[in-house]
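Visitor: Below is the structure I would like to discuss, written out as structure tokens.
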Amino acid sequence: MPALPSVSVCIPVYRGEEFLAETIRSVLDQTYRDFELVVLDNASPDGSGQIARSFGDPRIRVATNATTLPQPENWRAAIRLCRAPLIKLVCADDLLHPRCLEYQVGPMEADPGLAVVAARRHMIDERSRVLVPRRGLTGLIGVRSSVEVARHVVRSGANPIGEPGGVLFRRAHYFAVGGWRPDHRFVMDLDLWIRLLQYGEFLGLPETLAAFRIGRDSLSADNEATIYAQQKAYIDELGTTPHLQVRAADLLIGRMRAPLGRARRRALFRMSRSSARRDERLEHATAGT
């Protein structure tokens with residue numbers, strides 16, 4: 001039997017045909033080569049499955065759900081398909097820097113005491129142009145304990161670690177903590193990062209190694225109010241988790257900063273919509289000449 005890869009990158013996709021090819025290419029273009037790419041098509045009614053199968057790269061495995069699952073269950077199913085000891089989930093419209101795996105796998109293989117390695121990411125628009133560069137991990141660069149990370153997360157009032165594309169974690173730890181929690185749908189990523197730190201330390205890299213797309217019709221844009229409510233509830237949850245040792249002052253600061261985080265998210269959505277409208281006007285003007 002062939003040896004297992006060192007890393008599994010998985011892409012759960014539903015109606016992702018607009019950006020999926022670009023996302024897949026960003027994974028295949030990694031300088032680190034010992035990985036598999038698992039694409040799980042969530043019974044998409046569009047061409048997502050055909051796009052995934054069109055690459056013909058032996059590192060790609062494509063699976064299709066018999067019926068469309070809720071997003072959290074699809075993410076859980078995607079991880080179950082992964083075989084490698086290290087895992088990265090990439091949303092179907094996000095991107096990886098070519099050296100993302102190279103920079104993240106090295107520390108994880110060198111130090112078995114690390115549970116999570118995270119990097120900064122760009123926020124990009126629908127044309128992959130950078131809206132906000134080098135976002136995230138302020139105050140979290142270097143090796144940090146679970147207590148340090150939890151206190152920083154609470155004080156931020158948001159998600160300073162970021163989305164799955166910027167994070168690498170261990171398969172064994174994922175299953176030990178129970179994986180993504182569907183009842184935490186809009187904070188599933190942050191919730192998982194914190195729970196994984198039961199098994200080791202956090203490493204924040206200073207490099208920008210991923211890109212998170214802010215689309216006009218993205219899940220984040222359509223559920224902004226719910227995301228805000230769940231983030232506030234999750235901050236309170238961390239404050240009542242004894243082993244994380246979150247202090248009353250941390251909670252007070254986080255509750256004060258939460259509206260600022262929400263305002264930043266809203267500003268990103270406005271920037272993306274404005275960028276898309278400019279593109280549409282330019283295309284119409286060009287078509288009319």
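Numbering starts fresh at 1 for the residues of each chain in the structure tokens, the chains themselves are lettered A, B, ... in the order given, and ligands are numbered from 1 as they appear.
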May I have a table of the residues of stretch 41-127 of chain A lying at most 10 Å from stretch 137-140 of chain A, giving each one's closest pair of atoms and their distance in Å to one decimal, counting only C-alpha atoms, ordered by chain and ascending residue number, as a tab-separated table?

Guide:
residue	atom	partner	partner_atom	distance
A:Ala118	CA	A:Leu137	CA	8.1
A:Ala119	CA	A:Leu137	CA	7.3
A:Arg120	CA	A:Leu137	CA	6.3
A:Arg121	CA	A:Leu137	CA	9.3

Visitor: Taking N, CA and C atoms for each residue, export the selection above as an mmCIF file, in the first residue's frame.

Guide:
data_model
loop_
_atom_site.group_PDB
_atom_site.id
_atom_site.type_symbol
_atom_site.label_atom_id
_atom_site.label_comp_id
_atom_site.auth_asym_id
_atom_site.auth_seq_id
_atom_site.Cartn_x
_atom_site.Cartn_y
_atom_site.Cartn_z
ATOM 1 N N ALA A 118 -0.888 28.666 13.311
ATOM 2 C CA ALA A 118 -1.732 29.609 12.567
ATOM 3 C C ALA A 118 -0.874 30.684 11.923
ATOM 4 N N ALA A 119 -1.405 31.272 10.855
ATOM 5 C CA ALA A 119 -0.711 32.339 10.136
ATOM 6 C C ALA A 119 -1.686 33.479 9.874
ATOM 7 N N ARG A 120 -1.149 34.619 9.546
ATOM 8 C CA ARG A 120 -1.997 35.745 9.147
ATOM 9 C C ARG A 120 -2.594 35.483 7.763
ATOM 10 N N ARG A 121 -3.614 36.276 7.431
ATOM 11 C CA ARG A 121 -4.234 36.123 6.111
ATOM 12 C C ARG A 121 -4.640 37.480 5.573
#

Visitor: Mind dumping a table of every stretch 185-240 of chain A residue within 9 Å of stretch 246-266 of chain A, with the nearest atom pair and its distance in Å to one decimal, using only C-alpha atoms, sorted by chain and rising number, as a Markdown table?

Guide:
| residue | atom | partner | partner_atom | distance |
| --- | --- | --- | --- | --- |
| A:Ala221 | CA | A:Arg266 | CA | 8.2 |
| A:Glu224 | CA | A:Arg266 | CA | 7.8 |
| A:Ala225 | CA | A:Arg262 | CA | 8.7 |
| A:Ile227 | CA | A:Arg262 | CA | 9.0 |
| A:Tyr228 | CA | A:Arg262 | CA | 6.5 |
| A:Gln231 | CA | A:Ala258 | CA | 8.3 |
| A:Lys232 | CA | A:Ala258 | CA | 7.1 |
| A:Ile235 | CA | A:Leu251 | CA | 7.4 |
| A:Asp236 | CA | A:Leu251 | CA | 7.3 |
| A:Leu238 | CA | A:Val246 | CA | 7.0 |
| A:Gly239 | CA | A:Val246 | CA | 5.2 |
| A:Thr240 | CA | A:Val246 | CA | 7.7 |

Visitor: Report the distance between atom CA of A:Ala267 and atom CA of A:Gly215 in Å, rounded to one decimal place.

Guide: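 Separation of atom CA of A:Ala267 and atom CA of A:Gly215: 12.6 Å.
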
Visitor: Restricting the calculation to only C-alpha atoms, which member of A:Ser48, A:Asp41, A:Val154, A:Glu109 is positioned closest to A:Gly16?

Guide: A:Ser48

Visitor: I need the residue nearest A:Arg171 from this list: A:Arg76, A:Arg33, A:Asp93, A:Arg213. Use only C-alpha atoms for the distance.

Guide: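 Residue with the minimum atom-to-atom distance to A:Arg171: A:Arg76.
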
Visitor: For A:Phe169, list every protein, DNA or RNA residue within 6 Å, evaluated using only C-alpha atoms, and leave out those in the same chain fewer than 5 positions away; present the list as a VMD selection string.

Guide: chain A and resid 86 to 87 115 to 116

Visitor: Using C-alpha atoms, can you export the residues from the last selection as a PDB file, in the first residue's frame?

Guide:
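In the end it all went to part.pdb:
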ATOM      1  CA  LEU A  86      -1.923  16.842   9.897  1.00  0.00           C
ATOM      2  CA  ILE A  87      -5.038  18.545   8.544  1.00  0.00           C
ATOM      3  CA  ALA A 115      -1.371  21.521  18.706  1.00  0.00           C
ATOM      4  CA  VAL A 116      -2.170  24.470  16.409  1.00  0.00           C
TER       5      VAL A 116
END

Visitor: Any idea what's packed within 9 Å of A:Ile24, counting only C-alpha atoms, ignoring anything in its chain fewer than 2 positions away? Could you give it as a list in words?

Guide: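 Surrounding residues, per the criterion: Ile11, Phe19, Leu20, Ala21, Glu22, Ser26, Val27, Leu28, Asp29, Leu37, Val39, Ala52, Phe55, Ala92 and Leu95 of chain A.
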
Visitor: For A:Gly200, please output as a PyMOL selection string all residues within 12 Å (counting only C-alpha atoms; exclusion window: fewer than 4 positions along the same chain).

Guide: chain A and resi 108+111-117+143-147+149+169-170+172-173+193-196

Visitor: Quick one: write out the picked residues with C-alpha atoms as a PDB file, in the first residue's frame?

Guide:
ATOM      1  CA  MET A 108       4.423  20.822  13.704  1.00  0.00           C
ATOM      2  CA  ASP A 111       7.670  19.970  17.957  1.00  0.00           C
ATOM      3  CA  PRO A 112       5.102  17.352  19.022  1.00  0.00           C
ATOM      4  CA  GLY A 113       4.023  19.761  21.777  1.00  0.00           C
ATOM      5  CA  LEU A 114       2.347  22.046  19.243  1.00  0.00           C
ATOM      6  CA  ALA A 115      -1.371  21.521  18.706  1.00  0.00           C
ATOM      7  CA  VAL A 116      -2.170  24.470  16.409  1.00  0.00           C
ATOM      8  CA  VAL A 117      -0.069  26.490  13.964  1.00  0.00           C
ATOM      9  CA  VAL A 143       4.428  30.086  21.039  1.00  0.00           C
ATOM     10  CA  ARG A 144       1.490  30.627  23.418  1.00  0.00           C
ATOM     11  CA  SER A 145      -0.259  28.514  26.022  1.00  0.00           C
ATOM     12  CA  SER A 146      -3.990  27.799  25.994  1.00  0.00           C
ATOM     13  CA  VAL A 147      -4.492  30.291  28.827  1.00  0.00           C
ATOM     14  CA  VAL A 149      -4.630  32.379  23.772  1.00  0.00           C
ATOM     15  CA  PHE A 169      -3.855  21.017  13.291  1.00  0.00           C
ATOM     16  CA  ARG A 170      -3.446  17.364  14.196  1.00  0.00           C
ATOM     17  CA  ALA A 172      -5.694  12.844  16.428  1.00  0.00           C
ATOM     18  CA  HIS A 173      -6.439  15.967  18.462  1.00  0.00           C
ATOM     19  CA  TRP A 193      -8.844  26.083  17.949  1.00  0.00           C
ATOM     20  CA  ILE A 194      -9.409  26.690  21.654  1.00  0.00           C
ATOM     21  CA  ARG A 195     -10.416  23.085  22.368  1.00  0.00           C
ATOM     22  CA  LEU A 196      -7.419  21.699  20.457  1.00  0.00           C
TER      23      LEU A 196
END

Visitor: When you draw a straight line from atom CA of A:Ala110 to atom CA of A:Glu201, how long is it in Å?

Guide: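 Interatomic distance, atom CA of A:Ala110 to atom CA of A:Glu201: 13.2 Å.
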
Visitor: List every residue of stretch 20-154 of chain A that DSSP, applied to the backbone of this structure, assigns to helix (DSSP H, G or I), and report them as a PDB file with C-alpha atoms, in the first residue's frame.

Guide:
ATOM      1  CA  LEU A  20     -13.254  26.498  -6.690  1.00  0.00           C
ATOM      2  CA  ALA A  21     -10.722  26.118  -9.506  1.00  0.00           C
ATOM      3  CA  GLU A  22      -8.652  29.020  -8.156  1.00  0.00           C
ATOM      4  CA  THR A  23      -8.788  27.544  -4.657  1.00  0.00           C
ATOM      5  CA  ILE A  24      -7.697  24.107  -5.867  1.00  0.00           C
ATOM      6  CA  ARG A  25      -4.820  25.602  -7.868  1.00  0.00           C
ATOM      7  CA  SER A  26      -3.600  27.459  -4.790  1.00  0.00           C
ATOM      8  CA  VAL A  27      -3.366  24.118  -2.982  1.00  0.00           C
ATOM      9  CA  LEU A  28      -1.715  22.255  -5.846  1.00  0.00           C
ATOM     10  CA  SER A  48     -18.440  22.108  -8.463  1.00  0.00           C
ATOM     11  CA  GLY A  49     -17.962  18.352  -8.756  1.00  0.00           C
ATOM     12  CA  GLN A  50     -16.970  18.513 -12.423  1.00  0.00           C
ATOM     13  CA  ILE A  51     -14.463  21.281 -11.703  1.00  0.00           C
ATOM     14  CA  ALA A  52     -12.845  19.265  -8.901  1.00  0.00           C
ATOM     15  CA  ARG A  53     -12.532  16.201 -11.137  1.00  0.00           C
ATOM     16  CA  GLN A  71     -22.579  23.092   6.558  1.00  0.00           C
ATOM     17  CA  PRO A  72     -21.239  21.871   9.945  1.00  0.00           C
ATOM     18  CA  GLU A  73     -21.992  18.253   9.063  1.00  0.00           C
ATOM     19  CA  ASN A  74     -20.314  18.651   5.691  1.00  0.00           C
ATOM     20  CA  TRP A  75     -17.177  19.970   7.399  1.00  0.00           C
ATOM     21  CA  ARG A  76     -17.230  17.014   9.776  1.00  0.00           C
ATOM     22  CA  ALA A  77     -17.653  14.620   6.852  1.00  0.00           C
ATOM     23  CA  ALA A  78     -14.709  16.237   5.027  1.00  0.00           C
ATOM     24  CA  ILE A  79     -12.402  15.677   7.990  1.00  0.00           C
ATOM     25  CA  ARG A  80     -13.462  12.019   8.228  1.00  0.00           C
ATOM     26  CA  CYS A 100       1.689  27.892   3.418  1.00  0.00           C
ATOM     27  CA  LEU A 101       2.215  24.191   4.071  1.00  0.00           C
ATOM     28  CA  GLU A 102       5.983  24.535   3.989  1.00  0.00           C
ATOM     29  CA  TYR A 103       5.930  27.149   6.754  1.00  0.00           C
ATOM     30  CA  GLN A 104       3.350  25.369   8.891  1.00  0.00           C
ATOM     31  CA  VAL A 105       4.267  21.691   8.595  1.00  0.00           C
ATOM     32  CA  GLY A 106       7.901  22.206   9.640  1.00  0.00           C
ATOM     33  CA  PRO A 107       7.130  23.458  13.165  1.00  0.00           C
ATOM     34  CA  MET A 108       4.423  20.822  13.704  1.00  0.00           C
ATOM     35  CA  GLU A 109       6.761  17.975  12.735  1.00  0.00           C
ATOM     36  CA  ALA A 110       9.646  19.405  14.750  1.00  0.00           C
ATOM     37  CA  SER A 146      -3.990  27.799  25.994  1.00  0.00           C
ATOM     38  CA  VAL A 147      -4.492  30.291  28.827  1.00  0.00           C
ATOM     39  CA  GLU A 148      -2.658  33.045  26.952  1.00  0.00           C
ATOM     40  CA  VAL A 149      -4.630  32.379  23.772  1.00  0.00           C
ATOM     41  CA  ALA A 150      -7.998  32.217  25.519  1.00  0.00           C
ATOM     42  CA  ARG A 151      -7.408  35.458  27.415  1.00  0.00           C
ATOM     43  CA  HIS A 152      -6.337  37.188  24.212  1.00  0.00           C
ATOM     44  CA  VAL A 153      -9.357  35.877  22.305  1.00  0.00           C
ATOM     45  CA  VAL A 154     -11.719  37.082  25.022  1.00  0.00           C
TER      46      VAL A 154
END

Visitor: Within 10 Å of A:Pro164, counting only C-alpha atoms, which residues show up once you throw out same-chain ones fewer than 4 positions away? Write them as a list of chain:residue names, please.

Guide: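 Near neighbours after the sequence-gap exclusion: A:Ile87, A:Lys88, A:Leu89, A:Val90, A:Cys91, A:Asp94, A:Ala118, A:Leu168, A:Phe169, A:Met188, A:Asp189, A:Leu190, A:Leu192, A:Trp193, A:Ala210, A:Phe212.
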
Visitor: Using only C-alpha atoms, pick whichever of A:Ser156, A:Thr286, A:Ser272, A:Ser54 has the shortest atom-to-atom distance to A:Asp125.

Guide: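 Selected residue with least distance to A:Asp125: A:Ser272.
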
Visitor: What gap, in Å, lies between atom CA of A:Leu4 and atom CA of A:Val62?

Guide: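 If I compute the distance from atom CA of A:Leu4 to atom CA of A:Val62, I get 16.8 Å.
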
Visitor: Counting only C-alpha atoms, which residue out of A:Trp180, A:Glu126, A:Phe35, A:Val9 sits closest to A:Arg278?

Guide: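 Nearest candidate to A:Arg278 out of A:Trp180, A:Glu126, A:Phe35, A:Val9: A:Glu126.
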
Visitor: Pick the closest to A:Asn223 from A:Leu96, A:Phe186, A:Arg15, A:Arg83: which is it, counting only C-alpha atoms?

Guide: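 For A:Asn223, the nearest of the given residues is A:Phe186.
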
Visitor: Between A:His122, A:His97, A:Arg134, A:Arg129, which one has atoms that come closest to A:Ala276, using only C-alpha atoms?

Guide: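 Distance minimum relative to A:Ala276 lands on A:Arg129.
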